[in-house]
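Structure record follows, encoded as structure tokens.
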Amino acid sequence: MIALEVLRTGGPALLEDLGRPGLAHLGVTRSGAADRSAHTLANRLLANPDDLATVEITLGGFTARVRGGAVDIAVTGAESAAAVDGVPFGANAVQRVRAGQVIALGTPVRGLRSYLGVRGGFAADPVLGSRSFDTLSGLGPRPLRTGDVVPVGDPGPGFPQTDQAPVGPIPAGAVELRVIPGPRDEWMVDADALVRTRWAVSDRSDRVGVRLTGEPLARRWPARELPSEGALRGAIQVPPGGQPVILGPDHPVTGGYPVVGVVVDADTDLLAQLRPGQQVRLRWIRPRIAAGTPAGW
Amino acid sequence: MTPSIRDYGDRALLVECGSTDEVLALAGAVREAGLPDVAEVVPGARTVLVTLTGAERQAPARVLLAGLLAGPDVRPGPAAEPAVAAVTIDVVYDGPDLPDLAARLQMSVGELVAAHTGTAWRVGFCGFSPGFAYLVGGDVRLSAVPRRAEPRPRVPTGSVALAGEFSGVYPRESPGGWQLIGRTDRVMWDVRRSQPALLAPGDRVRFRAAT
């Protein structure tokens with residue numbers, strides 16, 4: 001059996017794939033890789049189907065030894081000076097590693113999450129159709145620990161075609177996210193304050209949500225509760241304290257906090273790479289409909 | 001009145017409904033219609049969130065959904081005979097909030113228990129955590145229960161609770177702000193079962209006082 005033996009995890013090291021969609025009606029959130037494009041790129045470089053499991057590594061530090069045979073790997077997402085037996089290899093590229101060699105990630109200078117893919121994927125037992133670990137519900141294969149031996153699945157018929165993919169750098173400074181207003185922007189005294197404020201990412205952010213710190217958003221009806229409604233990754237919830245939370249992959253399926261706006265789908269992977277302290281600006285990309293106007297199309 | 005449709009980001013649409021009955025009828029109708037762009041249908045207390053397969057599908061899906069809402073199939077019909085029997089959940093009614101809540105609702109503890117067990121409840125929607133079903137349609141005296149001022153950091157697994165118009169059973173230990181009136185051994189969520197969730201939207205539930 002070919003496997004990776006975990007020597008060190010560094011930050012959290014979780015198995016993730018594209019999650020378990022379609023179970024929201026049972027209260028099960030989709031979960032899955034926080035940066036889907038980085039996860040998918042790792043798999044494509046390795047000629048894997050998109051939904052094979054990778055290891056999602058937060059703030060680097062992950063170290064593992066290959067056992068049982070040679071593997072092809074790729075590391076995508078936050079650049080972390082990955083090396084084999086101390087020799088650095090290129091990010092977003094296929095790298096062959098022989099049995100006995102040690103793969104080690106350093107600490108990324110920019111970005112937060114790196115994805116270690118292997119040809120054949122990581123072969124943990126799926127739970128409800130997915131190998132993703134949901135940090136809120138605990139569903140899925142548990143987080144990796146030192147000493148774990150993680151089997152590698154059988155590679156498919158394809159062979160890696162592309163040696164390396166050109167990927168733009170993850171921004172280190174202020175980041176702008178595009179937001180569609182609503183559906184509950186009228187619950188704020190001044191919803192436009194969301195896009196005027198310079199927010200900073202809180203270090204209490206996690207896979208459930210990116211918490212923003214800044215001038216609190218005042219709610220129009222402090223005592224009123226919103227009937228629980230479905231929520232999605234990228235939705236910007238405003239709890240009573242007024243500090244917005246941008247929902248991540250492990251968000252609860254429903255919530256009672258008003259959503260002032262939703263980050264566009266194309267910008268949600270960037271949420272996975274924001275570091276504590278990083279500055280965030282939000283920008284409406286559609287006009288807000290003023291309170292009192294019928295909201296239907 | 002046609003329920004209104006709002007954009008929920010660029011990859012979903014939120015439909016507002018007047019009642020949980022409307023939510024159930026609408027969620028069912030959207031699923032039955034099998035619209036090609038729909039990835040997921042998530043009922044809430046007064047809304048249905050329709051998630052789409054991609055951002056580029058939002059505009060056409062809005063048109064299709066509006067057409068569906070204007071049609072006859074989404075009105076809640078007269079309560080149909082349920083196809084499946086109600087699930088019975090045995091409860092020991094000794095919750096820490098039971099006496100205070102009864103006093104607050106101007107009932108005796110016995111009357112509150114009888115109100116909880118006397119009427120069948122219905123699953124309006126699931127959320128909050130896997131297997132957590134929001135039950136509606138119980139005794140009208142239990143339809144406006146205030147939440148606790150301070151949520152508990154840990155509510156035991158199997159706690160039977162009330163808040164707002166809802167009743168629910170906590171499938172596992174978690175923080176919670178609902179009023180705890182009892183506990184059950186019934187397993188609400190087990191990922192190893194072929195049907196991991198005991199309750200799904202539309203199911204009926206009867207609570208029974210365990211002796």
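Going through the structure tokens in order, the chains are called A, B, and so on, while each chain numbers its residues from 1 and the ligands are numbered from 1 in the order shown.
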query: Which residues come within 9 Å of Arg186 in chain B, counting only C-alpha atoms, excluding same-chain residues fewer than 5 positions away, as a list in words?
result: Ile89, Asp90, Val91, Gly158 and Leu198 of chain B
Generate a file of the selected residues that holds N, CA, C and O atoms, formatted as a PDB file, in the first residue's frame.
```pdb
ATOM      1  N   ILE B  89     -41.876  10.146  19.792  1.00  0.00           N
ATOM      2  CA  ILE B  89     -40.653  10.380  20.554  1.00  0.00           C
ATOM      3  C   ILE B  89     -41.005  10.415  22.035  1.00  0.00           C
ATOM      4  O   ILE B  89     -41.796  11.264  22.474  1.00  0.00           O
ATOM      5  N   ASP B  90     -40.455   9.463  22.785  1.00  0.00           N
ATOM      6  CA  ASP B  90     -40.690   9.398  24.230  1.00  0.00           C
ATOM      7  C   ASP B  90     -39.791  10.392  24.942  1.00  0.00           C
ATOM      8  O   ASP B  90     -38.582  10.441  24.691  1.00  0.00           O
ATOM      9  N   VAL B  91     -40.380  11.133  25.850  1.00  0.00           N
ATOM     10  CA  VAL B  91     -39.668  12.225  26.516  1.00  0.00           C
ATOM     11  C   VAL B  91     -39.844  12.113  28.017  1.00  0.00           C
ATOM     12  O   VAL B  91     -40.961  11.881  28.505  1.00  0.00           O
ATOM     13  N   GLY B 158     -30.022  15.059  23.020  1.00  0.00           N
ATOM     14  CA  GLY B 158     -31.356  14.548  23.303  1.00  0.00           C
ATOM     15  C   GLY B 158     -32.243  15.525  24.045  1.00  0.00           C
ATOM     16  O   GLY B 158     -33.381  15.180  24.390  1.00  0.00           O
ATOM     17  N   LEU B 198     -33.375  11.220  11.623  1.00  0.00           N
ATOM     18  CA  LEU B 198     -34.668  10.640  11.988  1.00  0.00           C
ATOM     19  C   LEU B 198     -35.805  11.420  11.341  1.00  0.00           C
ATOM     20  O   LEU B 198     -36.800  10.860  10.917  1.00  0.00           O
TER      21      LEU B 198
END
```
Just need the residues of chain A within 6 Å of chain B, counting only C-alpha atoms, so spit them out as a short mmCIF file (atom, residue, chain, number, x, y, z; two decimals) with all heavy atoms, in the first residue's frame.
```cif
data_model
loop_
_atom_site.label_atom_id
_atom_site.label_comp_id
_atom_site.auth_asym_id
_atom_site.auth_seq_id
_atom_site.Cartn_x
_atom_site.Cartn_y
_atom_site.Cartn_z
N GLY A 22 -26.28 18.79 -1.51
CA GLY A 22 -27.56 18.12 -1.65
C GLY A 22 -28.15 17.61 -0.35
O GLY A 22 -29.19 16.94 -0.36
N HIS A 25 -31.23 19.92 3.33
CA HIS A 25 -32.56 19.74 3.93
C HIS A 25 -32.50 18.87 5.18
O HIS A 25 -33.49 18.77 5.91
CB HIS A 25 -33.53 19.15 2.90
CG HIS A 25 -33.18 17.78 2.46
ND1 HIS A 25 -32.11 17.50 1.63
CD2 HIS A 25 -33.74 16.57 2.74
CE1 HIS A 25 -32.04 16.21 1.42
NE2 HIS A 25 -33.02 15.61 2.08
N LEU A 26 -31.35 18.21 5.44
CA LEU A 26 -31.18 17.46 6.67
C LEU A 26 -30.31 18.21 7.67
O LEU A 26 -29.95 17.68 8.71
CB LEU A 26 -30.53 16.10 6.38
CG LEU A 26 -31.28 15.19 5.41
CD1 LEU A 26 -30.53 13.88 5.23
CD2 LEU A 26 -32.70 14.92 5.90
N GLY A 27 -29.97 19.44 7.34
CA GLY A 27 -29.12 20.22 8.23
C GLY A 27 -27.63 19.96 8.03
O GLY A 27 -26.82 20.37 8.87
N VAL A 28 -27.27 19.31 6.94
CA VAL A 28 -25.86 18.99 6.68
C VAL A 28 -25.33 19.99 5.65
O VAL A 28 -25.84 20.08 4.54
CB VAL A 28 -25.70 17.56 6.12
CG1 VAL A 28 -24.25 17.26 5.77
CG2 VAL A 28 -26.22 16.55 7.14
N ILE A 180 -22.94 41.33 -3.81
CA ILE A 180 -24.29 41.63 -4.28
C ILE A 180 -25.12 41.98 -3.06
O ILE A 180 -25.11 41.24 -2.06
CB ILE A 180 -24.85 40.41 -5.02
CG1 ILE A 180 -24.04 40.26 -6.31
CG2 ILE A 180 -26.34 40.58 -5.30
CD1 ILE A 180 -24.42 39.13 -7.17
N PRO A 183 -29.92 39.62 0.82
CA PRO A 183 -31.34 39.97 0.78
C PRO A 183 -31.86 40.77 1.98
O PRO A 183 -33.01 41.21 1.94
CB PRO A 183 -32.03 38.60 0.75
CG PRO A 183 -31.10 37.70 1.48
CD PRO A 183 -29.71 38.20 1.17
N PRO A 227 -36.60 35.28 11.05
CA PRO A 227 -36.89 33.85 11.00
C PRO A 227 -35.75 33.12 10.28
O PRO A 227 -35.27 33.59 9.24
CB PRO A 227 -38.20 33.77 10.21
CG PRO A 227 -38.81 35.13 10.32
CD PRO A 227 -37.67 36.09 10.42
N SER A 228 -35.32 32.00 10.84
CA SER A 228 -34.18 31.27 10.27
C SER A 228 -34.38 31.03 8.78
O SER A 228 -35.44 30.60 8.35
CB SER A 228 -34.02 29.92 10.96
OG SER A 228 -33.52 30.09 12.25
N GLU A 229 -33.33 31.30 8.01
CA GLU A 229 -33.42 31.06 6.58
C GLU A 229 -32.12 30.44 6.07
O GLU A 229 -31.08 30.52 6.73
CB GLU A 229 -33.73 32.35 5.81
CG GLU A 229 -32.75 33.47 5.99
CD GLU A 229 -33.26 34.78 5.39
OE1 GLU A 229 -34.48 34.95 5.23
OE2 GLU A 229 -32.41 35.64 5.07
N GLY A 230 -32.18 29.82 4.91
CA GLY A 230 -31.02 29.17 4.33
C GLY A 230 -29.88 30.16 4.14
O GLY A 230 -30.10 31.34 3.90
N PRO A 252 -23.36 26.96 9.18
CA PRO A 252 -24.64 26.27 9.45
C PRO A 252 -25.60 26.49 8.28
O PRO A 252 -25.62 27.56 7.68
CB PRO A 252 -25.16 26.95 10.73
CG PRO A 252 -24.00 27.67 11.31
CD PRO A 252 -23.07 27.99 10.17
N VAL A 253 -26.40 25.48 8.01
CA VAL A 253 -27.28 25.51 6.84
C VAL A 253 -28.29 26.64 6.91
O VAL A 253 -28.63 27.24 5.89
CB VAL A 253 -28.00 24.15 6.71
CG1 VAL A 253 -29.14 24.21 5.72
CG2 VAL A 253 -27.02 23.07 6.32
N THR A 254 -28.79 26.92 8.10
CA THR A 254 -29.74 28.02 8.25
C THR A 254 -29.23 28.96 9.34
O THR A 254 -28.44 28.56 10.19
CB THR A 254 -31.14 27.52 8.66
OG1 THR A 254 -31.04 26.79 9.89
CG2 THR A 254 -31.74 26.63 7.59
N VAL A 262 -23.96 39.33 -0.25
CA VAL A 262 -23.33 38.03 -0.50
C VAL A 262 -22.16 38.24 -1.47
O VAL A 262 -22.34 38.83 -2.53
CB VAL A 262 -24.34 37.02 -1.10
CG1 VAL A 262 -23.69 35.66 -1.29
CG2 VAL A 262 -25.56 36.90 -0.20
N VAL A 264 -19.71 37.59 -4.37
CA VAL A 264 -19.96 36.88 -5.62
C VAL A 264 -19.21 35.55 -5.60
O VAL A 264 -18.14 35.42 -5.01
CB VAL A 264 -19.58 37.70 -6.87
CG1 VAL A 264 -20.33 39.02 -6.89
CG2 VAL A 264 -18.09 37.93 -6.95
N GLY A 296 -38.99 42.35 -5.28
CA GLY A 296 -39.05 41.27 -6.26
C GLY A 296 -38.68 41.76 -7.64
O GLY A 296 -38.80 42.94 -7.96
#
```
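If you look at CA of Arg152 in chain B and CA of Pro175 in chain B, they are 5.6 Å away from each other.
Here CA of Thr268 in chain A and CA of Ile236 in chain A stand 11.4 Å from one another.
Those residues of range 123-265 of chain A that DSSP, working from the backbone, places in helix (DSSP H, G or I) are A:Asp185, A:Glu186, A:Trp187, A:Ala193, A:Leu194, A:Val195, A:Arg196, A:Asp265.
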Please produce a file of those selected residues containing all heavy atoms, as a CSV table (one decimal), in the first residue's frame.
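part-v6.csv written:
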```csv
chain,number,residue,atom,x,y,z
A,185,ASP,N,-30.5,43.6,3.4
A,185,ASP,CA,-29.8,44.9,3.7
A,185,ASP,C,-30.7,45.9,4.4
A,185,ASP,O,-30.2,46.8,5.1
A,185,ASP,CB,-29.2,45.4,2.3
A,185,ASP,CG,-30.2,45.5,1.2
A,185,ASP,OD1,-31.0,44.5,1.1
A,185,ASP,OD2,-30.2,46.4,0.4
A,186,GLU,N,-32.0,45.8,4.2
A,186,GLU,CA,-32.9,46.8,4.8
A,186,GLU,C,-32.9,46.6,6.4
A,186,GLU,O,-33.4,47.5,7.1
A,186,GLU,CB,-34.3,46.8,4.3
A,186,GLU,CG,-35.2,45.6,4.7
A,186,GLU,CD,-35.0,44.4,3.9
A,186,GLU,OE1,-34.0,44.3,3.1
A,186,GLU,OE2,-35.8,43.4,4.1
A,187,TRP,N,-32.3,45.6,6.9
A,187,TRP,CA,-32.2,45.4,8.3
A,187,TRP,C,-31.1,46.2,9.0
A,187,TRP,O,-31.0,46.3,10.2
A,187,TRP,CB,-31.9,43.9,8.6
A,187,TRP,CG,-33.1,43.0,8.6
A,187,TRP,CD1,-33.9,42.7,7.5
A,187,TRP,CD2,-33.7,42.3,9.7
A,187,TRP,NE1,-35.0,41.9,7.9
A,187,TRP,CE2,-34.9,41.7,9.2
A,187,TRP,CE3,-33.4,42.2,11.1
A,187,TRP,CZ2,-35.7,40.9,10.0
A,187,TRP,CZ3,-34.2,41.4,11.9
A,187,TRP,CH2,-35.4,40.8,11.4
A,193,ALA,N,-22.7,51.4,4.8
A,193,ALA,CA,-21.5,51.5,5.6
A,193,ALA,C,-20.7,50.2,5.4
A,193,ALA,O,-19.4,50.2,5.6
A,193,ALA,CB,-21.9,51.6,7.1
A,194,LEU,N,-21.3,49.1,5.0
A,194,LEU,CA,-20.5,47.9,4.7
A,194,LEU,C,-19.4,48.2,3.7
A,194,LEU,O,-18.3,47.6,3.8
A,194,LEU,CB,-21.4,46.8,4.2
A,194,LEU,CG,-20.7,45.5,3.9
A,194,LEU,CD1,-20.5,44.7,5.3
A,194,LEU,CD2,-21.6,44.6,3.0
A,195,VAL,N,-19.7,49.0,2.7
A,195,VAL,CA,-18.8,49.2,1.6
A,195,VAL,C,-17.9,50.4,1.8
A,195,VAL,O,-17.0,50.7,1.1
A,195,VAL,CB,-19.5,49.2,0.2
A,195,VAL,CG1,-20.2,47.9,-0.1
A,195,VAL,CG2,-20.4,50.4,0.1
A,196,ARG,N,-18.2,51.2,2.8
A,196,ARG,CA,-17.4,52.4,3.1
A,196,ARG,C,-16.3,52.0,4.1
A,196,ARG,O,-15.3,52.7,4.2
A,196,ARG,CB,-18.2,53.5,3.7
A,196,ARG,CG,-19.2,54.2,2.7
A,196,ARG,CD,-19.6,55.5,3.3
A,196,ARG,NE,-20.2,55.4,4.6
A,196,ARG,CZ,-21.4,55.2,4.9
A,196,ARG,NH1,-22.3,55.1,3.9
A,196,ARG,NH2,-21.8,55.1,6.2
A,265,ASP,N,-19.8,34.6,-6.3
A,265,ASP,CA,-19.2,33.2,-6.3
A,265,ASP,C,-17.8,33.2,-6.7
A,265,ASP,O,-17.0,32.5,-6.1
A,265,ASP,CB,-20.1,32.4,-7.2
A,265,ASP,CG,-19.8,30.9,-7.1
A,265,ASP,OD1,-19.9,30.4,-5.9
A,265,ASP,OD2,-19.5,30.2,-8.1
```
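With only C-alpha atoms as the atoms that count, the minimum distance from His39 in chain A to the choices A:Gly156, A:Pro88, A:Gly121, A:Pro166 is reached by A:Gly121.
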- request: Quick one: everything within 8 Å of Leu98 in chain B, counting only C-alpha atoms, minus sequence neighbours fewer than 4 positions away in the same chain. Send it as a list in words.
  value: Tyr93, Asp94, Ala102, Val109, Gln179, Leu180, Ile181 and Gly182 of chain B
- request: Please identify which residues in chain B DSSP calls strand (DSSP E or B) from the backbone, and express them as a ChimeraX atom specification.
  value: /B:5-8,12-16,38-43,47-52,87-92,121-126,133-136,145,152-155,159-164,166-169,174-176,179-183,189,197,204-209
